[in-house]
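Chemist: Dropping in model.txt, with compact mmCIF, C-alpha atoms.
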```txt
# COMPACT_ATOMS: atom_id res chain seq x y z
CA MET A 1 -26.05 -55.53 -44.09
CA VAL A 2 -23.69 -57.78 -42.27
CA VAL A 3 -23.37 -55.17 -39.50
CA HIS A 4 -27.15 -55.02 -39.09
CA GLU A 5 -27.45 -58.76 -38.74
CA ASP A 6 -24.66 -58.81 -36.19
CA GLU A 7 -26.33 -56.13 -34.10
CA ARG A 8 -29.66 -57.89 -34.09
CA ALA A 9 -28.01 -61.21 -33.36
CA SER A 10 -26.00 -59.80 -30.48
CA SER A 11 -29.00 -58.02 -28.94
CA ARG A 12 -30.92 -61.28 -29.13
CA ARG A 13 -28.06 -63.00 -27.38
CA LEU A 14 -27.99 -60.39 -24.64
CA ASP A 15 -31.60 -61.17 -23.84
CA GLU A 16 -31.28 -64.89 -23.31
CA ASP A 17 -29.75 -65.81 -19.99
CA GLY A 18 -29.73 -69.55 -20.31
CA ASP A 19 -26.19 -70.23 -21.37
CA ASP A 20 -23.87 -67.65 -19.86
CA MET A 21 -21.12 -68.37 -17.36
CA PRO A 22 -20.08 -66.04 -14.58
CA ILE A 23 -16.42 -65.13 -14.63
CA PHE A 24 -14.40 -65.84 -11.57
CA ASN A 25 -10.79 -66.06 -10.53
CA SER A 26 -10.04 -69.70 -11.23
CA GLU A 27 -6.64 -69.71 -9.53
CA ASN A 28 -8.18 -68.80 -6.17
CA PHE A 29 -10.97 -71.29 -6.82
CA GLN A 30 -8.44 -74.08 -7.22
CA ILE A 31 -6.65 -72.98 -4.06
CA ASN A 32 -9.95 -73.22 -2.20
CA MET A 33 -10.68 -76.68 -3.62
CA LYS A 34 -7.25 -77.93 -2.60
CA SER A 35 -7.76 -76.57 0.89
CA ILE A 36 -11.03 -78.49 1.20
CA TYR A 37 -9.39 -81.64 -0.12
CA TYR A 38 -6.58 -81.51 2.45
CA SER A 39 -9.04 -80.86 5.26
CA ARG A 40 -11.27 -83.75 4.25
CA THR A 41 -8.35 -86.17 3.97
CA PHE A 42 -6.97 -85.19 7.37
CA LEU A 43 -10.39 -85.48 8.99
CA SER A 44 -10.94 -88.91 7.41
CA ILE A 45 -7.69 -90.14 8.92
CA ILE A 46 -8.44 -88.72 12.35
CA GLY A 47 -11.99 -90.11 12.18
CA GLY A 48 -10.59 -93.53 11.33
CA VAL A 49 -8.27 -93.48 14.33
CA VAL A 50 -11.11 -92.43 16.64
CA ALA A 51 -13.42 -95.12 15.24
CA GLY A 52 -10.73 -97.75 15.79
CA ILE A 53 -10.02 -96.71 19.37
CA TRP A 54 -13.72 -96.51 20.19
CA GLY A 55 -14.22 -100.05 18.99
CA PHE A 56 -16.76 -99.54 16.20
CA THR A 57 -17.37 -102.57 14.04
CA GLY A 58 -19.39 -102.93 10.88
CA LEU A 59 -22.09 -100.43 10.02
CA MET A 60 -21.46 -98.15 13.00
CA GLY A 61 -18.07 -97.23 11.60
CA PHE A 62 -19.48 -96.15 8.24
CA ILE A 63 -22.20 -94.16 9.96
CA PHE A 64 -19.45 -92.46 11.94
CA TYR A 65 -17.63 -91.67 8.69
CA PHE A 66 -20.70 -90.03 7.19
CA LEU A 67 -21.20 -88.09 10.38
CA ILE A 68 -17.62 -86.81 10.22
CA MET A 69 -18.02 -85.79 6.58
CA ALA A 70 -21.32 -84.02 7.26
CA THR A 71 -19.71 -82.13 10.14
CA ALA A 72 -16.83 -81.23 7.87
CA SER A 73 -19.23 -79.83 5.25
CA LEU A 74 -20.89 -77.73 7.90
CA GLU A 75 -17.56 -76.44 9.10
CA PHE A 76 -16.47 -75.51 5.56
CA ALA A 77 -19.66 -73.54 5.18
CA ALA A 78 -18.88 -71.80 8.47
CA LYS A 79 -15.29 -71.14 7.37
CA ALA A 80 -16.63 -69.47 4.26
CA LYS A 81 -18.89 -67.41 6.55
CA PHE A 82 -21.91 -68.88 4.74
CA SER A 83 -21.39 -66.61 1.73
CA ILE A 84 -20.52 -69.53 -0.50
CA HIS A 85 -20.69 -67.66 -3.78
CA LYS A 86 -17.78 -65.50 -2.76
CA TYR A 87 -15.45 -68.50 -2.61
CA PHE A 88 -17.04 -71.27 -4.70
CA ASP A 89 -19.40 -71.48 -7.60
CA SER A 90 -22.05 -73.68 -6.04
CA TRP A 91 -23.03 -75.42 -2.82
CA ASN A 92 -22.19 -78.77 -4.36
CA ARG A 93 -18.52 -77.99 -4.11
CA ILE A 94 -18.41 -78.04 -0.35
CA VAL A 95 -21.19 -80.53 0.34
CA LEU A 96 -20.81 -83.28 -2.25
CA ASP A 97 -17.30 -83.04 -3.65
CA GLY A 98 -14.83 -85.39 -2.07
CA PHE A 99 -17.46 -86.98 0.16
CA LEU A 100 -16.35 -90.50 -0.66
CA GLY A 101 -12.75 -89.61 -1.36
CA GLY A 102 -11.60 -90.08 2.20
CA LEU A 103 -13.41 -93.39 2.67
CA MET A 104 -10.35 -95.48 1.82
CA ALA A 105 -8.12 -93.56 4.24
CA PHE A 106 -10.81 -93.83 6.90
CA VAL A 107 -11.13 -97.61 6.57
CA LEU A 108 -7.35 -98.03 6.53
CA PHE A 109 -6.75 -96.11 9.73
CA TRP A 110 -9.86 -97.56 11.34
CA THR A 111 -8.53 -101.08 10.79
CA PHE A 112 -5.06 -100.02 11.86
CA ALA A 113 -6.18 -98.42 15.13
CA TYR A 114 -8.63 -101.21 15.90
CA ASP A 115 -5.90 -103.81 15.48
CA ILE A 116 -3.43 -101.93 17.64
CA VAL A 117 -5.86 -101.22 20.45
CA HIS A 118 -8.15 -104.22 20.53
CA ILE A 119 -6.29 -107.16 19.07
CA PHE A 120 -2.61 -106.90 19.84
CA MET B 1 -0.33 -71.78 10.66
CA GLY B 2 1.54 -71.97 13.97
CA VAL B 3 -1.39 -72.16 16.36
CA GLY B 4 -3.34 -74.61 14.23
CA PHE B 5 -0.34 -76.87 14.01
CA VAL B 6 0.17 -76.93 17.78
CA VAL B 7 -3.54 -77.62 18.33
CA GLY B 8 -3.40 -80.47 15.84
CA VAL B 9 -0.38 -82.04 17.52
CA LEU B 10 -2.11 -81.65 20.89
CA GLY B 11 -5.23 -83.36 19.52
CA CYS B 12 -3.16 -86.26 18.19
CA ALA B 13 -1.36 -86.57 21.53
CA ILE B 14 -4.72 -86.79 23.31
CA LEU B 15 -5.82 -89.51 20.88
CA VAL B 16 -2.64 -91.48 21.52
CA HIS B 17 -3.21 -91.19 25.25
CA ALA B 18 -6.80 -92.38 24.81
CA ALA B 19 -5.54 -95.37 22.81
CA TYR B 20 -3.09 -96.26 25.56
CA SER B 21 -5.81 -95.97 28.18
CA THR B 22 -8.06 -98.27 26.16
CA ILE B 23 -5.29 -100.85 25.82
CA GLN B 24 -4.80 -100.82 29.58
CA TYR B 25 -8.54 -101.04 30.12
CA ARG B 26 -8.71 -104.12 27.91
CA GLY B 27 -5.84 -105.63 29.89
CA VAL B 28 -7.83 -105.14 33.08
CA LEU B 29 -10.92 -106.67 31.43
CA LYS B 30 -8.91 -109.71 30.41
CA ILE B 31 -7.85 -110.23 34.02
CA VAL B 32 -11.40 -109.84 35.31
CA GLU B 33 -12.66 -111.89 32.31
CA GLU B 34 -15.40 -109.52 31.23
CA GLU B 35 -16.60 -108.59 27.75
CA PHE B 36 -15.46 -105.36 26.10
CA SER B 37 -18.59 -103.32 25.45
CA GLY B 38 -17.11 -99.89 25.11
CA PRO B 39 -14.30 -97.76 26.44
CA PRO B 40 -14.86 -96.11 29.83
CA MET B 41 -16.50 -92.69 30.02
CA ASN B 42 -13.31 -90.72 30.55
CA VAL B 43 -11.74 -92.33 27.47
CA VAL B 44 -14.84 -91.43 25.44
CA ALA B 45 -14.56 -87.86 26.66
CA GLU B 46 -10.88 -87.84 25.74
CA LEU B 47 -11.69 -89.17 22.27
CA LEU B 48 -14.28 -86.49 21.66
CA LEU B 49 -11.93 -83.79 22.90
CA GLY B 50 -9.14 -85.03 20.66
CA LEU B 51 -11.56 -85.23 17.74
CA ALA B 52 -12.75 -81.67 18.32
CA LEU B 53 -9.19 -80.32 18.54
CA CYS B 54 -8.13 -82.16 15.39
CA MET B 55 -11.21 -80.92 13.54
CA TRP B 56 -10.38 -77.37 14.48
CA ALA B 57 -6.78 -77.87 13.38
CA GLY B 58 -7.92 -79.53 10.16
CA LEU B 59 -9.78 -76.39 9.23
CA ALA B 60 -7.30 -73.81 10.47
CA VAL B 61 -4.07 -75.22 9.03
CA PRO B 62 -4.93 -75.33 5.30
CA THR B 63 -4.95 -71.91 3.72
CA LYS B 64 -7.96 -69.71 4.34
CA PHE B 65 -10.40 -69.31 1.50
CA LEU B 66 -9.56 -66.72 -1.13
CA SER B 67 -12.26 -64.75 -2.85
CA ILE B 68 -13.00 -65.76 -6.42
CA LEU B 69 -15.03 -62.72 -7.45
CA PRO B 70 -13.07 -60.64 -9.93
CA ASP B 71 -14.24 -57.36 -8.46
CA SER B 72 -13.57 -57.95 -4.79
CA GLU B 73 -11.11 -55.84 -2.88
CA GLU B 74 -8.23 -58.30 -2.62
CA ASN B 75 -8.36 -59.38 -6.27
CA ARG B 76 -7.47 -55.99 -7.67
CA ILE B 77 -4.41 -55.76 -9.84
CA VAL B 78 -2.90 -52.58 -8.51
CA SER B 79 0.66 -52.78 -9.74
CA LEU B 80 1.83 -51.99 -13.25
CA PRO B 81 4.74 -53.95 -14.65
CA ALA B 82 8.04 -52.14 -14.66
CA ASN B 83 8.42 -52.08 -18.43
CA LEU B 84 5.76 -49.70 -19.68
CA ASP B 85 7.44 -49.00 -23.02
CA PHE B 86 5.42 -51.60 -24.86
CA MET B 87 2.09 -51.13 -23.11
CA ILE B 88 -0.59 -49.39 -25.14
CA PHE B 89 -3.65 -47.95 -23.44
CA ASN B 90 -5.26 -46.27 -26.46
CA HIS B 91 -6.92 -49.42 -27.78
CA ARG B 92 -10.43 -50.60 -28.48
CA GLY B 93 -11.00 -51.62 -24.89
CA LYS B 94 -12.33 -48.17 -24.13
CA VAL B 95 -15.63 -48.96 -25.87
CA LEU B 96 -16.26 -51.98 -23.70
CA PRO B 97 -18.94 -51.41 -21.09
CA THR B 98 -17.50 -51.26 -17.60
CA ASN B 99 -20.45 -53.03 -16.07
CA THR B 100 -19.09 -55.34 -13.39
CA GLU B 101 -22.05 -57.68 -13.78
CA LEU B 102 -20.96 -58.43 -17.30
CA LYS B 103 -20.83 -62.17 -17.88
CA LEU B 104 -19.10 -64.24 -20.50
CA LYS B 105 -21.51 -65.26 -23.24
CA VAL B 106 -21.35 -68.68 -24.81
CA GLN B 107 -20.79 -67.78 -28.42
CA ASP B 108 -22.13 -70.16 -31.03
CA PHE B 109 -20.61 -69.10 -34.31
```
Let me see the file written as structure tokens.

Modeler:
Amino acid sequence: MVVHEDERASSRRLDEDGDDMPIFNSENFQINMKSIYYSRTFLSIIGGVVAGIWGFTGLMGFIFYFLIMATASLEFAAKAKFSIHKYFDSWNRIVLDGFLGGLMAFVLFWTFAYDIVHIF
Amino acid sequence: MGVGFVVGVLGCAILVHAAYSTIQYRGVLKIVEEEFSGPPMNVVAELLLGLALCMWAGLAVPTKFLSILPDSEENRIVSLPANLDFMIFNHRGKVLPTNTELKLKVQDF
């Protein structure tokens, strides 16, 4: 009787698709996430230096930062050859993750470059 | 790794050169006593070129993406460990379905 119940329970569970998780290789997934993180940090720094040399002040600089991050997201999608599900589990990983993480580095190098070029 | 690195260093060198040009330009403006509205066109072009090179390097230098699907070509485990004395292959795994679309079910016991 216990076996019967188990069979019916498991066949019921096979029908519902709401709460299953796809299996993927998590070690490679973490390698991919680290790669994106390094790229975003480097691009934030370079973007900060460019913003400082160009002479952006105030809102223009932050708009420039968001532009750089959006371009970076596009380039990650291109690097993954637009087949995101082969390398990540959702689009959020390359578009939203780490978007604001490089903001501090950007502002630091922006201020740094602006001071060197325009003030001293 | 090598080419991306060189491109990145080149991009940074171009940015440093653009910074130096802008400093000199500001020096000239101070002499002529004009306002600084923006760097000259060639410096802007240099900045964009340096930015493009550094962006390319920023994508090429970190490791390329590795596939996370368990049944893709490069994720196959094709080597057996050297010590096969303790490995048993006649176990209950043979009744598992070999469907590669099989997903992990969230079990609520």

Chemist: Which residue is closest to A:Asp97? Choose from A:Phe24, A:Val117, A:Tyr37, A:Ile68 and count only C-alpha atoms.

Modeler: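 Using only C-alpha atoms, the shortest distance to A:Asp97 belongs to A:Tyr37.
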
Chemist: Residues of chain A no more than 9 Å from chain B, counting all atoms listed in the file: send them over as an mmCIF file with C-alpha atoms, in the frame of the given file.

Modeler:
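Contents of the output file result00.cif:
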```cif
data_model
loop_
_atom_site.group_PDB
_atom_site.id
_atom_site.type_symbol
_atom_site.label_atom_id
_atom_site.label_comp_id
_atom_site.auth_asym_id
_atom_site.auth_seq_id
_atom_site.Cartn_x
_atom_site.Cartn_y
_atom_site.Cartn_z
ATOM 1 C CA ARG A 13 -28.060 -63.000 -27.380
ATOM 2 C CA LEU A 14 -27.990 -60.390 -24.640
ATOM 3 C CA ASP A 17 -29.750 -65.810 -19.990
ATOM 4 C CA ASP A 19 -26.190 -70.230 -21.370
ATOM 5 C CA ASP A 20 -23.870 -67.650 -19.860
ATOM 6 C CA MET A 21 -21.120 -68.370 -17.360
ATOM 7 C CA PRO A 22 -20.080 -66.040 -14.580
ATOM 8 C CA ILE A 23 -16.420 -65.130 -14.630
ATOM 9 C CA PHE A 24 -14.400 -65.840 -11.570
ATOM 10 C CA ASN A 25 -10.790 -66.060 -10.530
ATOM 11 C CA SER A 26 -10.040 -69.700 -11.230
ATOM 12 C CA GLU A 27 -6.640 -69.710 -9.530
ATOM 13 C CA ASN A 28 -8.180 -68.800 -6.170
ATOM 14 C CA PHE A 29 -10.970 -71.290 -6.820
ATOM 15 C CA ILE A 31 -6.650 -72.980 -4.060
ATOM 16 C CA ASN A 32 -9.950 -73.220 -2.200
ATOM 17 C CA MET A 33 -10.680 -76.680 -3.620
ATOM 18 C CA LYS A 34 -7.250 -77.930 -2.600
ATOM 19 C CA SER A 35 -7.760 -76.570 0.890
ATOM 20 C CA ILE A 36 -11.030 -78.490 1.200
ATOM 21 C CA TYR A 38 -6.580 -81.510 2.450
ATOM 22 C CA SER A 39 -9.040 -80.860 5.260
ATOM 23 C CA ARG A 40 -11.270 -83.750 4.250
ATOM 24 C CA PHE A 42 -6.970 -85.190 7.370
ATOM 25 C CA LEU A 43 -10.390 -85.480 8.990
ATOM 26 C CA ILE A 46 -8.440 -88.720 12.350
ATOM 27 C CA GLY A 47 -11.990 -90.110 12.180
ATOM 28 C CA VAL A 49 -8.270 -93.480 14.330
ATOM 29 C CA VAL A 50 -11.110 -92.430 16.640
ATOM 30 C CA ILE A 53 -10.020 -96.710 19.370
ATOM 31 C CA TRP A 54 -13.720 -96.510 20.190
ATOM 32 C CA GLY A 55 -14.220 -100.050 18.990
ATOM 33 C CA PHE A 56 -16.760 -99.540 16.200
ATOM 34 C CA ALA A 72 -16.830 -81.230 7.870
ATOM 35 C CA GLU A 75 -17.560 -76.440 9.100
ATOM 36 C CA PHE A 76 -16.470 -75.510 5.560
ATOM 37 C CA LYS A 79 -15.290 -71.140 7.370
ATOM 38 C CA ALA A 80 -16.630 -69.470 4.260
ATOM 39 C CA HIS A 85 -20.690 -67.660 -3.780
ATOM 40 C CA LYS A 86 -17.780 -65.500 -2.760
ATOM 41 C CA TYR A 87 -15.450 -68.500 -2.610
ATOM 42 C CA PHE A 88 -17.040 -71.270 -4.700
ATOM 43 C CA ASP A 89 -19.400 -71.480 -7.600
ATOM 44 C CA ALA A 113 -6.180 -98.420 15.130
ATOM 45 C CA ILE A 116 -3.430 -101.930 17.640
ATOM 46 C CA VAL A 117 -5.860 -101.220 20.450
ATOM 47 C CA HIS A 118 -8.150 -104.220 20.530
ATOM 48 C CA PHE A 120 -2.610 -106.900 19.840
#
```

Chemist: Please report the interatomic distance between atom CA of A:Phe99 and atom CA of A:Tyr114 in Å with one decimal.

Modeler: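 Rounded to one decimal, the two atoms are 23.0 Å apart.
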
Chemist: Just give me the gap between atom CA of A:Asp115 and atom CA of B:Lys30 in Å, one decimal is fine.

Modeler: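 It comes out at 16.3 Å.
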
Chemist: Rounded to one decimal place, report the atom CA of A:Ala78-atom CA of A:Trp91 distance in Å.

Modeler: 12.6 Å
